[in-house]
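Q: Structure file query31.txt, compact mmCIF, C-alpha atoms, is pasted below:
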# COMPACT_ATOMS: atom_id res chain seq x y z
CA MET A 107 94.04 75.10 27.29
CA ILE A 108 92.74 72.89 24.49
CA LEU A 109 91.76 69.54 25.89
CA GLU A 110 93.24 66.39 24.43
CA ALA A 111 90.77 64.19 22.54
CA LYS A 112 91.14 61.32 25.01
CA HIS A 113 90.41 63.60 27.98
CA THR A 114 87.45 65.12 26.13
CA ASP A 115 86.00 61.65 25.51
CA LEU A 116 86.29 60.84 29.22
CA LEU A 117 84.49 64.05 30.20
CA GLN A 118 81.68 63.37 27.74
CA ALA A 119 81.37 59.81 29.04
CA ASP A 120 81.10 61.18 32.58
CA LEU A 121 78.33 63.57 31.56
CA GLN A 122 76.47 60.80 29.74
CA THR A 123 76.66 58.76 32.94
CA ILE A 124 75.20 61.62 34.99
CA ASN A 125 72.41 62.10 32.45
CA ARG A 126 71.27 58.47 32.64
CA LEU A 127 68.41 59.39 34.98
CA GLY A 128 66.69 61.29 32.20
CA ASP A 129 68.15 64.77 32.72
CA ASP A 130 69.75 66.69 29.85
CA ALA A 131 72.59 68.53 31.54
CA VAL A 132 75.27 70.72 29.99
CA PHE A 133 78.59 71.28 31.76
CA VAL A 134 79.88 74.88 31.62
CA ASP A 135 83.48 75.71 32.50
CA TRP A 136 85.23 79.10 32.53
CA TYR A 137 88.99 79.52 32.55
CA ASN A 138 91.75 81.94 31.64
CA SER A 139 92.90 82.42 28.04
CA ALA A 140 96.43 82.83 29.39
CA CYS A 141 96.35 79.05 29.98
CA GLY A 142 96.96 78.51 26.26
CA LEU A 143 93.84 79.32 24.25
CA GLY A 144 92.96 82.73 22.91
CA GLY A 145 96.43 84.16 22.35
CA THR A 146 95.55 87.64 23.57
CA ILE A 147 97.90 90.03 25.33
CA GLU A 148 95.15 90.94 27.78
CA PRO A 149 93.83 87.58 29.09
CA LYS A 150 90.15 86.94 28.43
CA PRO A 151 87.80 84.32 29.86
CA ILE A 152 87.29 81.15 27.85
CA ILE A 153 84.00 79.27 28.18
CA THR A 154 83.87 75.57 27.37
CA THR A 155 80.66 73.54 27.25
CA PHE A 156 80.08 69.80 27.15
CA SER A 157 76.77 68.13 26.43
CA GLY A 158 75.91 64.49 26.97
CA THR A 159 75.90 63.83 23.23
CA ASN A 160 78.79 62.60 21.10
CA GLU A 161 79.23 66.12 19.77
CA GLY A 162 82.56 67.66 20.73
CA PRO A 163 83.04 70.47 23.26
CA LYS A 164 82.31 74.07 22.27
CA TYR A 165 84.85 76.82 22.99
CA SER A 166 84.27 80.57 22.98
CA VAL A 167 86.49 83.52 23.88
CA ILE A 168 84.53 86.05 25.96
CA SER A 169 84.50 89.63 24.70
CA ILE A 170 85.59 91.23 28.00
CA THR A 171 88.94 90.81 29.74
CA TRP A 172 89.61 89.13 33.08
CA LYS A 173 90.81 92.50 34.35
CA ASP A 174 87.38 93.98 33.64
CA VAL A 175 85.65 90.93 35.13
CA ASP A 176 87.67 91.21 38.34
CA LYS A 177 86.86 94.90 38.69
CA LEU A 178 83.13 94.28 38.23
CA VAL A 179 83.08 91.32 40.64
CA ASP A 180 85.00 93.26 43.29
CA ALA A 181 82.64 96.22 42.95
CA PHE A 182 79.61 93.94 43.22
CA MET A 183 80.98 92.28 46.35
CA GLU A 184 81.39 95.70 47.99
CA MET A 185 77.67 96.43 47.71
CA GLU A 186 75.68 96.72 50.93
CA THR A 187 72.25 95.20 51.57
CA ASP A 188 70.37 98.35 50.59
CA GLU A 189 72.32 98.50 47.31
CA LEU A 190 71.44 94.86 46.53
CA GLN A 191 67.79 95.85 46.84
CA ASP A 192 68.17 98.65 44.31
CA SER A 193 67.32 98.08 40.63
CA LYS A 194 70.66 99.68 39.70
CA CYS A 195 72.41 96.67 41.26
CA VAL A 196 71.09 94.17 38.75
CA GLU A 197 71.79 96.54 35.87
CA PHE A 198 75.38 96.73 37.12
CA LEU A 199 75.57 92.93 37.25
CA TYR A 200 74.35 92.71 33.65
CA LYS A 201 77.69 94.20 32.57
CA LEU A 202 78.93 90.62 33.05
CA ASN A 203 76.39 89.18 30.57
CA PRO A 204 79.18 88.50 28.02
CA LEU A 205 80.29 85.67 30.34
CA VAL A 206 77.14 83.69 29.47
CA GLU A 207 76.29 84.90 25.96
CA PRO A 208 77.93 81.81 24.35
CA LEU A 209 75.33 79.64 26.17
CA ALA A 210 72.60 80.81 23.80
CA TRP A 211 72.80 77.46 21.97
CA THR A 212 71.58 75.58 25.06
CA LYS A 213 67.89 74.77 25.35
CA PRO A 214 65.55 76.30 27.92
CA GLY A 215 64.89 73.70 30.62
CA GLN A 216 68.29 72.00 30.33
CA THR A 217 70.20 71.75 33.59
CA LEU A 218 73.34 73.88 33.36
CA ILE A 219 76.27 72.80 35.54
CA PHE A 220 78.44 75.83 36.32
CA SER A 221 82.10 75.39 37.21
CA PRO A 222 83.26 78.98 37.88
CA TYR A 223 86.90 79.99 37.59
CA SER A 224 88.67 82.20 40.14
CA ASN A 225 86.34 84.73 41.78
CA LEU A 226 83.29 83.99 39.57
CA HIS A 227 81.97 81.77 42.38
CA ARG A 228 81.37 84.95 44.40
CA ILE A 229 78.56 86.26 42.19
CA PRO A 230 75.16 84.84 41.14
CA LEU A 231 75.98 83.86 37.56
CA TYR A 232 72.42 82.52 37.21
CA ALA A 233 71.16 86.12 37.60
CA LEU A 234 72.81 87.10 34.30
CA LYS A 235 70.86 87.01 31.04
CA ILE A 236 70.93 84.82 27.94
CA ASN A 237 69.13 86.44 25.00
CA GLY A 238 67.46 88.87 27.38
CA GLU A 239 66.17 86.20 29.81
CA VAL A 240 67.46 85.71 33.35
CA ILE A 241 69.22 82.33 33.39
CA ILE A 242 67.48 80.90 36.48
CA LYS A 243 64.14 81.52 34.75
CA ARG A 244 65.41 79.71 31.67
CA ASN A 245 67.38 76.83 33.20
CA PRO A 246 67.87 74.91 36.46
CA ILE A 247 71.40 75.70 37.70
CA VAL A 248 73.92 73.60 39.66
CA TYR A 249 77.45 74.50 40.74
CA CYS A 250 80.40 72.11 41.03
CA SER A 251 84.17 72.35 41.32
CA SER A 252 84.80 69.97 38.41
CA LEU A 253 83.01 67.40 36.30
CA SER A 254 85.15 64.57 37.67
CA ALA A 255 84.19 65.54 41.23
CA LEU A 256 80.54 65.68 40.20
CA VAL A 257 80.54 62.22 38.64
CA ASN A 258 82.13 60.82 41.81
CA THR A 259 79.26 62.23 43.91
CA TYR A 260 76.81 60.76 41.40
CA ARG A 261 78.31 57.30 41.77
CA VAL A 262 78.26 57.45 45.57
CA ARG A 263 74.68 58.72 45.81
CA MET A 264 73.17 56.38 43.24
CA GLN A 265 74.76 53.23 44.63
CA MET A 266 72.22 53.38 47.49
CA ASP A 267 69.56 50.70 47.38
CA PRO A 268 66.74 51.52 49.83
CA GLN A 269 65.18 48.09 49.30
CA HIS A 270 68.14 46.51 51.06
CA GLY A 271 68.01 48.82 54.03
CA SER A 272 71.30 50.62 53.51
CA THR A 273 69.82 53.90 54.72
CA GLN A 274 67.20 52.86 57.23
CA SER A 275 66.57 55.43 59.95
CA THR A 276 64.38 56.28 62.86
CA ALA A 277 62.85 59.38 61.26
CA HIS A 278 59.22 59.24 60.19
CA VAL A 279 57.06 61.17 57.77
CA PRO A 280 53.29 61.50 57.67
CA ASN A 281 51.48 58.36 56.59
CA THR A 282 48.01 59.80 56.24
CA GLU A 283 46.23 59.61 52.92
CA ASP A 284 46.77 62.49 50.51
CA SER A 285 45.89 63.36 46.92
CA ASN A 286 49.19 62.09 45.54
CA PRO A 287 50.17 58.90 47.38
CA THR A 288 52.66 57.78 44.73
CA ARG A 289 55.04 60.52 45.83
CA ARG A 290 54.64 60.26 49.57
CA LEU A 291 57.62 59.05 51.60
CA ASP A 292 57.74 56.13 53.99
CA GLY A 293 59.77 56.03 57.23
CA THR A 294 63.21 55.48 55.73
CA LEU A 295 64.27 59.09 55.19
CA GLU A 296 66.45 60.51 57.96
CA VAL A 297 66.13 64.27 58.38
CA SER A 298 67.90 66.45 60.96
CA LEU A 299 67.09 70.11 61.53
CA PHE A 300 69.28 72.68 63.30
CA SER A 301 67.90 76.16 63.59
CA GLN A 302 68.20 79.36 65.59
CA PRO A 303 66.22 81.79 63.40
CA PRO A 304 65.92 85.33 64.78
CA THR A 305 62.35 86.02 63.63
CA LEU A 306 58.88 84.49 63.77
CA ASP A 307 59.08 83.74 60.04
CA GLY A 308 62.16 81.60 60.61
CA HIS A 309 60.58 79.74 63.52
CA ALA A 310 57.45 79.09 61.48
CA ALA A 311 59.53 77.66 58.61
CA LEU A 312 61.43 75.40 61.01
CA LYS A 313 58.24 74.13 62.62
CA ALA A 314 56.62 73.48 59.23
CA THR A 315 59.64 71.56 57.93
CA ALA A 316 59.93 69.50 61.12
CA THR A 317 56.23 68.65 60.96
CA LYS A 318 56.44 67.59 57.32
CA PHE A 319 59.19 65.09 58.01
CA LYS A 320 58.25 64.34 61.64
CA ALA A 321 61.88 65.03 62.43
CA LYS A 322 63.50 66.41 65.57
CA ALA A 323 64.34 70.11 65.47
CA HIS A 324 67.55 70.99 67.32
CA ILE A 325 66.80 74.38 68.80
CA GLY A 326 67.64 76.15 72.04
CA GLU A 327 69.78 73.96 74.30
CA SER A 328 70.08 71.21 71.67
CA PHE A 329 71.33 73.67 69.02
CA THR A 330 74.95 72.67 69.58
CA ALA A 331 78.04 72.09 67.48
CA SER A 332 78.55 68.68 69.11
CA SER A 333 75.06 67.53 68.07
CA PHE A 334 75.65 68.86 64.56
CA THR A 335 78.94 66.99 64.10
CA SER A 336 77.44 63.78 65.50
CA THR A 337 74.60 64.11 63.01
CA ILE A 338 77.00 64.61 60.09
CA GLN A 339 78.68 61.33 60.99
CA SER A 340 75.39 59.42 61.16
CA LEU A 341 75.46 56.81 58.39
CA GLY A 342 71.72 57.02 57.78
CA LEU A 343 71.58 60.79 57.28
CA GLN A 344 69.97 61.99 54.03
CA LEU A 345 68.77 65.56 54.63
CA LEU A 346 70.46 68.06 56.96
CA TYR A 347 69.08 71.56 57.49
CA TYR A 348 70.83 74.50 59.17
CA HIS A 349 69.25 77.93 59.62
CA GLY A 350 71.28 80.23 61.80
CA HIS A 351 74.31 82.49 61.72
CA ALA A 352 77.64 82.09 59.97
CA ASP A 353 80.82 84.12 60.20
CA PHE A 354 83.24 84.59 57.32
CA SER A 355 86.62 86.32 57.24
CA ALA A 356 88.13 86.83 53.80
CA THR A 357 91.58 87.13 55.38
CA ALA A 358 91.24 83.88 57.36
CA PRO A 359 88.79 81.66 55.42
CA ILE A 360 89.83 78.55 57.34
CA ASP A 361 88.08 80.13 60.35
CA HIS A 362 84.76 80.45 58.47
CA CYS A 363 82.26 79.03 60.92
CA LEU A 364 78.67 78.18 61.81
CA ILE A 365 77.61 79.68 65.13
CA PHE A 366 75.97 77.36 67.68
CA SER A 367 74.83 77.89 71.26
CA ASP A 368 77.83 76.05 72.76
CA ARG A 369 80.63 77.08 70.38
CA ASN A 370 81.48 77.94 66.80
CA LEU A 371 81.99 75.13 64.29
CA THR A 372 84.87 76.12 61.97
CA LEU A 373 86.20 74.71 58.73
CA ARG A 374 89.07 73.28 60.75
CA ASP A 375 86.58 71.33 62.87
CA VAL A 376 84.76 69.94 59.83
CA PHE A 377 87.96 68.92 58.04
CA ASN A 378 89.16 67.21 61.23
CA LEU A 379 86.07 65.01 61.54
CA SER A 380 86.86 61.30 61.53
CA SER A 381 85.80 59.01 58.70
CA PRO A 382 85.28 61.56 55.94
CA LEU A 383 83.25 60.35 52.95
CA SER A 384 82.04 57.35 54.96
CA HIS A 385 78.34 57.80 54.12
CA SER A 386 77.19 55.03 51.81
CA ALA A 387 74.64 57.27 50.11
CA GLY A 388 75.86 60.72 51.05
CA PHE A 389 73.51 63.43 52.28
CA HIS A 390 72.15 66.79 51.21
CA VAL A 391 72.67 69.80 53.46
CA THR A 392 70.87 73.14 53.31
CA LEU A 393 72.93 75.89 54.95
CA LEU A 394 70.82 78.98 55.44
CA GLY A 395 73.35 81.07 57.29
CA CYS A 396 74.63 84.55 56.53
CA GLY A 397 77.03 84.02 53.66
CA THR A 398 77.43 80.24 54.01
CA GLY A 399 78.28 80.01 50.32
CA MET A 400 80.99 82.65 50.58
CA SER A 401 84.47 81.35 50.00
CA LYS A 402 87.95 82.47 49.14
CA THR A 403 90.09 81.29 46.26
CA ALA A 404 93.55 80.33 47.41
CA PRO A 405 96.62 80.86 45.19
CA THR A 406 96.18 77.29 43.88
CA GLU A 407 92.64 78.24 42.71
CA ASN A 408 91.13 75.77 45.19
CA VAL A 409 88.07 77.30 46.83
CA ILE A 410 88.09 77.28 50.63
CA GLY A 411 84.75 77.53 52.40
CA LEU A 412 82.04 75.75 54.35
CA VAL A 413 80.58 74.11 51.25
CA PRO A 414 83.82 72.33 50.21
CA SER A 415 84.43 71.29 53.81
CA LEU A 416 80.99 69.70 54.10
CA LEU A 417 81.43 67.97 50.74
CA TYR A 418 84.65 66.56 52.16
CA ALA A 419 82.80 65.43 55.29
CA GLY A 420 80.26 63.37 53.36
CA ALA A 421 77.70 65.73 51.83
CA LEU A 422 77.09 65.14 48.14
CA SER A 423 75.04 68.29 47.59
CA THR A 424 74.47 71.57 49.37
CA VAL A 425 72.31 74.67 49.24
CA SER A 426 74.10 77.72 50.60
CA THR A 427 73.83 81.50 50.38
CA LEU A 428 76.11 84.15 48.88
CA TRP A 429 75.18 86.99 51.26
CA PRO A 430 73.14 87.69 54.41
CA PHE A 431 69.44 87.21 53.69
CA SER A 432 66.10 87.98 55.30
CA ASP A 433 64.37 85.36 57.43
CA GLU A 434 61.27 85.82 55.29
CA ASP A 435 63.19 84.78 52.17
CA ALA A 436 64.77 81.81 53.94
CA ALA A 437 61.35 80.65 55.14
CA ALA A 438 59.84 80.94 51.66
CA TYR A 439 62.77 79.06 50.13
CA SER A 440 62.64 76.22 52.66
CA GLU A 441 58.90 75.75 52.38
CA SER A 442 59.02 75.46 48.59
CA PHE A 443 62.21 73.38 48.38
CA TYR A 444 61.27 70.72 50.93
CA GLU A 445 57.67 70.49 49.74
CA GLY A 446 59.00 68.80 46.62
CA PHE A 447 60.36 65.89 48.65
CA LEU A 448 56.88 65.16 49.93
CA GLY A 449 55.10 65.39 46.60
CA GLY A 450 53.16 68.54 47.42
CA GLU A 451 52.98 71.62 45.25
CA GLY A 452 56.13 71.52 43.19
CA GLY A 453 56.52 67.76 43.43
CA GLY A 454 55.61 67.58 39.77
CA THR A 455 58.75 69.54 38.87
CA GLY A 456 60.98 68.05 41.51
CA VAL A 457 60.39 64.33 41.20
CA GLY A 458 62.06 62.90 38.12
CA GLU A 459 61.52 59.77 36.13
CA GLN A 460 62.89 56.51 37.49
CA GLY A 461 65.97 55.51 35.51
CA ALA A 462 65.74 52.01 34.09
CA GLU A 463 69.20 51.02 35.34
CA GLU A 464 69.69 53.06 38.49
CA VAL A 465 66.15 52.71 39.90
CA PRO A 466 64.32 49.49 39.02
CA PRO A 467 60.57 49.85 38.35
CA SER A 468 59.85 47.82 41.48
CA ALA A 469 61.99 50.04 43.73
CA ASP A 470 60.39 51.73 46.72
CA ASP A 471 61.76 55.15 45.87
CA VAL A 472 61.69 58.04 43.42
CA VAL A 473 64.41 60.36 42.19
CA VAL A 474 63.98 63.97 43.29
CA ASN A 475 65.50 66.63 41.02
CA MET A 476 66.78 69.26 43.46
CA ALA A 477 67.92 71.53 40.63
CA LYS A 478 64.29 71.96 39.62
CA LEU A 479 63.20 72.37 43.23
CA ASN A 480 65.85 75.05 43.72
CA GLN A 481 64.73 76.81 40.55
CA LYS A 482 61.08 76.73 41.63
CA ALA A 483 61.88 78.05 45.12
CA VAL A 484 63.99 80.91 43.72
CA LEU A 485 61.37 81.88 41.14
CA GLY A 486 58.68 81.84 43.83
CA ILE A 487 60.63 84.43 45.82
CA MET A 488 61.34 86.43 42.66
CA ARG A 489 57.63 86.76 41.89
CA GLU A 490 56.89 88.18 45.33
CA ARG A 491 60.09 90.19 45.86
CA PRO A 492 61.81 90.84 42.51
CA GLU A 493 64.86 92.65 43.91
CA LEU A 494 68.11 90.71 43.41
CA TYR A 495 68.83 90.70 47.15
CA HIS A 496 65.86 88.46 47.90
CA TRP A 497 66.08 85.64 45.34
CA ALA A 498 69.68 85.47 44.12
CA PRO A 499 71.70 84.32 47.17
CA PHE A 500 70.62 80.64 47.04
CA VAL A 501 73.16 78.32 45.38
CA LEU A 502 72.85 74.56 44.77
CA ASN A 503 76.20 72.74 44.65
CA GLY A 504 76.96 69.08 43.88
CA TYR A 505 74.94 66.22 42.40
CA TRP A 506 71.35 67.40 42.18
CA MET A 507 69.45 64.10 42.03
CA ILE A 508 68.62 62.31 45.29
CA ARG A 509 66.66 59.14 45.84
CA SER A 510 63.80 59.40 48.28
CA PRO A 511 61.70 56.57 49.67
CA LEU A 512 58.29 56.14 48.08
CA HIS A 513 55.18 55.14 50.02
CA LYS A 514 53.06 52.64 48.10
Mind turning the file's structure into structure tokens?
A:
Amino acid sequence: MILEAKHTDLLQADLQTINRLGDDAVFVDWYNSACGLGGTIEPKPIITTFSGTNEGPKYSVISITWKDVDKLVDAFMEMETDELQDSKCVEFLYKLNPLVEPLAWTKPGQTLIFSPYSNLHRIPLYALKINGEVIIKRNPIVYCSSLSALVNTYRVRMQMDPQHGSTQSTAHVPNTEDSNPTRRLDGTLEVSLFSQPPTLDGHAALKATATKFKAKAHIGESFTASSFTSTIQSLGLQLLYYHGHADFSATAPIDHCLIFSDRNLTLRDVFNLSSPLSHSAGFHVTLLGCGTGMSKTAPTENVIGLVPSLLYAGALSTVSTLWPFSDEDAAAYSESFYEGFLGGEGGGTGVGEQGAEEVPPSADDVVVNMAKLNQKAVLGIMRERPELYHWAPFVLNGYWMIRSPLHK
């Protein structure tokens, strides 16, 4: 449908608010031409884009029909692991390139915020090409359900003021001298790790991450659903990491669950947690489980899955996966992604400028751009293992900037 001018102005104002920390994001929304724009007998996708400028939204009717899109998406979702590792897989996916062709006007390096319609959330849209270039190479990518939801997470996360102790914790990070002390964290970042990786690569990644943050790793007997839910409800939590197994049933998505040593943690359990959205600064959660990003679209078009349930429970951003992955890929992703929080290799692309209004120059923190960290981690895997299966399952959802304490 064509948006009313007043509503358009509100959306642009929201995007300008989100971009105040120096990013240059573009919001990308797909919907059905049958909703009132396009006028075709066979409904086609409509793509709408908003930038943070005063320029109006851009609308384009996609050249393929929703019927064709659904067939291609369904066929892609039927592919097995060995097929995802075949070069024919990505060539098949490129049949959906018309969905992103209207984004050619965007600039390389701009953060693109994808809000997929219907079953588009089931495929890696960032693996498609714009002008012959894979999108994730060209742009950092973030997913969200709507722009209004995204701006709400922005407001919650950026209201945190570490100088006043609103997120003090007992976690510690290394305080030894390094080559880049301006990006090293102090002891105010709370990190919790839950992992039951099946291979040595996974265990090595867990140990490395725990050492970096000097955080407790819940493994073995402490790898329990009760510990996980207690951690979620901890007011000081900022980073939560899960690497284990997940179970998803397309016919009963409400029973989608994370598997722990004591019991399974289902969507029902997460939605039933007390005090949802009670975290003053929200937290980021990385869910490296088999298909943690998988979800089902209900008849109302609301997506049901672990990611929405955790956003409801207080997370303001998540990294999840679209299909079962190798432990080697998960380890490589984790090492690169979390390194950016500590100002190591990749910190230069992950740590953004301090916004004049949100982060005063005297503040004891920096703003970490997780969209750039996600992009760097994905591209690192792509260079070593270029098959789609290895690098394309990782999805960042929610507000991508997070404030991290700065050691001075």
Q: I need the residue nearest Asn503 of chain A from this list: A:Ile170, A:Ile241, A:Ala314, A:Val248. Use only C-alpha atoms for the distance.
A: A:Val248
Q: Quick one: of A:Gly446, A:Gly388, A:Gly308, A:Pro151, who's nearest to Val474 of chain A, counting all atoms listed in the file?
A: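 Of A:Gly446, A:Gly388, A:Gly308, A:Pro151, the one nearest Val474 of chain A is A:Gly446, counting all atoms listed in the file.
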Q: For each of A:Leu253, A:Leu422, A:Val297, A:Leu364, take the minimum atom-to-atom distance to Thr315 of chain A, counting only C-alpha atoms, then give the residue where this is smallest.
A: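 With only C-alpha atoms as the atom set, the closest residue is A:Val297.
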Q: Residues within 6 Å of (84.0, 63.3, 35.6), file coordinates, counting only C-alpha atoms: what are they? Give the list as a list of chain:residue names.
A: A:Leu117, A:Asp120, A:Leu253, A:Ser254, A:Val257
Q: Excluding same-chain residues fewer than 6 positions from Asp176 of chain A, what lies within 12 Å of it counting only C-alpha atoms, as a PDB file with C-alpha atoms, keeping the file's coordinate frame?
A:
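For reference, part-v9.pdb as written:
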ATOM      1  CA  PRO A 149      93.830  87.580  29.090  1.00  0.00           C
ATOM      2  CA  LYS A 150      90.150  86.940  28.430  1.00  0.00           C
ATOM      3  CA  PRO A 151      87.800  84.320  29.860  1.00  0.00           C
ATOM      4  CA  ILE A 170      85.590  91.230  28.000  1.00  0.00           C
ATOM      5  CA  PHE A 182      79.610  93.940  43.220  1.00  0.00           C
ATOM      6  CA  MET A 183      80.980  92.280  46.350  1.00  0.00           C
ATOM      7  CA  LYS A 201      77.690  94.200  32.570  1.00  0.00           C
ATOM      8  CA  LEU A 202      78.930  90.620  33.050  1.00  0.00           C
ATOM      9  CA  TYR A 223      86.900  79.990  37.590  1.00  0.00           C
ATOM     10  CA  SER A 224      88.670  82.200  40.140  1.00  0.00           C
ATOM     11  CA  ASN A 225      86.340  84.730  41.780  1.00  0.00           C
ATOM     12  CA  LEU A 226      83.290  83.990  39.570  1.00  0.00           C
ATOM     13  CA  HIS A 227      81.970  81.770  42.380  1.00  0.00           C
ATOM     14  CA  ARG A 228      81.370  84.950  44.400  1.00  0.00           C
ATOM     15  CA  ILE A 229      78.560  86.260  42.190  1.00  0.00           C
TER      16      ILE A 229
END
Q: Mind listing as a PDB file with C-alpha atoms, in the coordinates of the input all residues within 12 Å of (69.0, 89.1, 46.2), counting all atoms listed in the file?
A:
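Generated output (out.pdb):
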ATOM      1  CA  MET A 185      77.670  96.430  47.710  1.00  0.00           C
ATOM      2  CA  GLU A 186      75.680  96.720  50.930  1.00  0.00           C
ATOM      3  CA  THR A 187      72.250  95.200  51.570  1.00  0.00           C
ATOM      4  CA  ASP A 188      70.370  98.350  50.590  1.00  0.00           C
ATOM      5  CA  GLU A 189      72.320  98.500  47.310  1.00  0.00           C
ATOM      6  CA  LEU A 190      71.440  94.860  46.530  1.00  0.00           C
ATOM      7  CA  GLN A 191      67.790  95.850  46.840  1.00  0.00           C
ATOM      8  CA  ASP A 192      68.170  98.650  44.310  1.00  0.00           C
ATOM      9  CA  SER A 193      67.320  98.080  40.630  1.00  0.00           C
ATOM     10  CA  CYS A 195      72.410  96.670  41.260  1.00  0.00           C
ATOM     11  CA  VAL A 196      71.090  94.170  38.750  1.00  0.00           C
ATOM     12  CA  LEU A 199      75.570  92.930  37.250  1.00  0.00           C
ATOM     13  CA  ILE A 229      78.560  86.260  42.190  1.00  0.00           C
ATOM     14  CA  PRO A 230      75.160  84.840  41.140  1.00  0.00           C
ATOM     15  CA  TYR A 232      72.420  82.520  37.210  1.00  0.00           C
ATOM     16  CA  ALA A 233      71.160  86.120  37.600  1.00  0.00           C
ATOM     17  CA  THR A 427      73.830  81.500  50.380  1.00  0.00           C
ATOM     18  CA  LEU A 428      76.110  84.150  48.880  1.00  0.00           C
ATOM     19  CA  TRP A 429      75.180  86.990  51.260  1.00  0.00           C
ATOM     20  CA  PRO A 430      73.140  87.690  54.410  1.00  0.00           C
ATOM     21  CA  PHE A 431      69.440  87.210  53.690  1.00  0.00           C
ATOM     22  CA  SER A 432      66.100  87.980  55.300  1.00  0.00           C
ATOM     23  CA  ASP A 435      63.190  84.780  52.170  1.00  0.00           C
ATOM     24  CA  ALA A 436      64.770  81.810  53.940  1.00  0.00           C
ATOM     25  CA  VAL A 484      63.990  80.910  43.720  1.00  0.00           C
ATOM     26  CA  LEU A 485      61.370  81.880  41.140  1.00  0.00           C
ATOM     27  CA  ILE A 487      60.630  84.430  45.820  1.00  0.00           C
ATOM     28  CA  MET A 488      61.340  86.430  42.660  1.00  0.00           C
ATOM     29  CA  ARG A 491      60.090  90.190  45.860  1.00  0.00           C
ATOM     30  CA  PRO A 492      61.810  90.840  42.510  1.00  0.00           C
ATOM     31  CA  GLU A 493      64.860  92.650  43.910  1.00  0.00           C
ATOM     32  CA  LEU A 494      68.110  90.710  43.410  1.00  0.00           C
ATOM     33  CA  TYR A 495      68.830  90.700  47.150  1.00  0.00           C
ATOM     34  CA  HIS A 496      65.860  88.460  47.900  1.00  0.00           C
ATOM     35  CA  TRP A 497      66.080  85.640  45.340  1.00  0.00           C
ATOM     36  CA  ALA A 498      69.680  85.470  44.120  1.00  0.00           C
ATOM     37  CA  PRO A 499      71.700  84.320  47.170  1.00  0.00           C
ATOM     38  CA  PHE A 500      70.620  80.640  47.040  1.00  0.00           C
ATOM     39  CA  VAL A 501      73.160  78.320  45.380  1.00  0.00           C
TER      40      VAL A 501
END
Q: Suppose you want the space between atom CA of Ser423 of chain A and atom CA of Leu341 of chain A; what is it in Å?
A: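 For atom CA of Ser423 of chain A relative to atom CA of Leu341 of chain A, the distance reads 15.8 Å.
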Q: Report the distance between atom CA of Ser510 of chain A and atom CA of Thr424 of chain A in Å, rounded to one decimal place.
A: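 Spanning atom CA of Ser510 of chain A to atom CA of Thr424 of chain A is a straight-line distance of 16.2 Å.
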Q: Given the choices A:Asp368, A:Glu490, A:Asp135, A:Asp174, which gets closest to Phe156 of chain A if the distance is worked out from all atoms listed in the file?
A: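 Smallest distance to Phe156 of chain A is found for A:Asp135.
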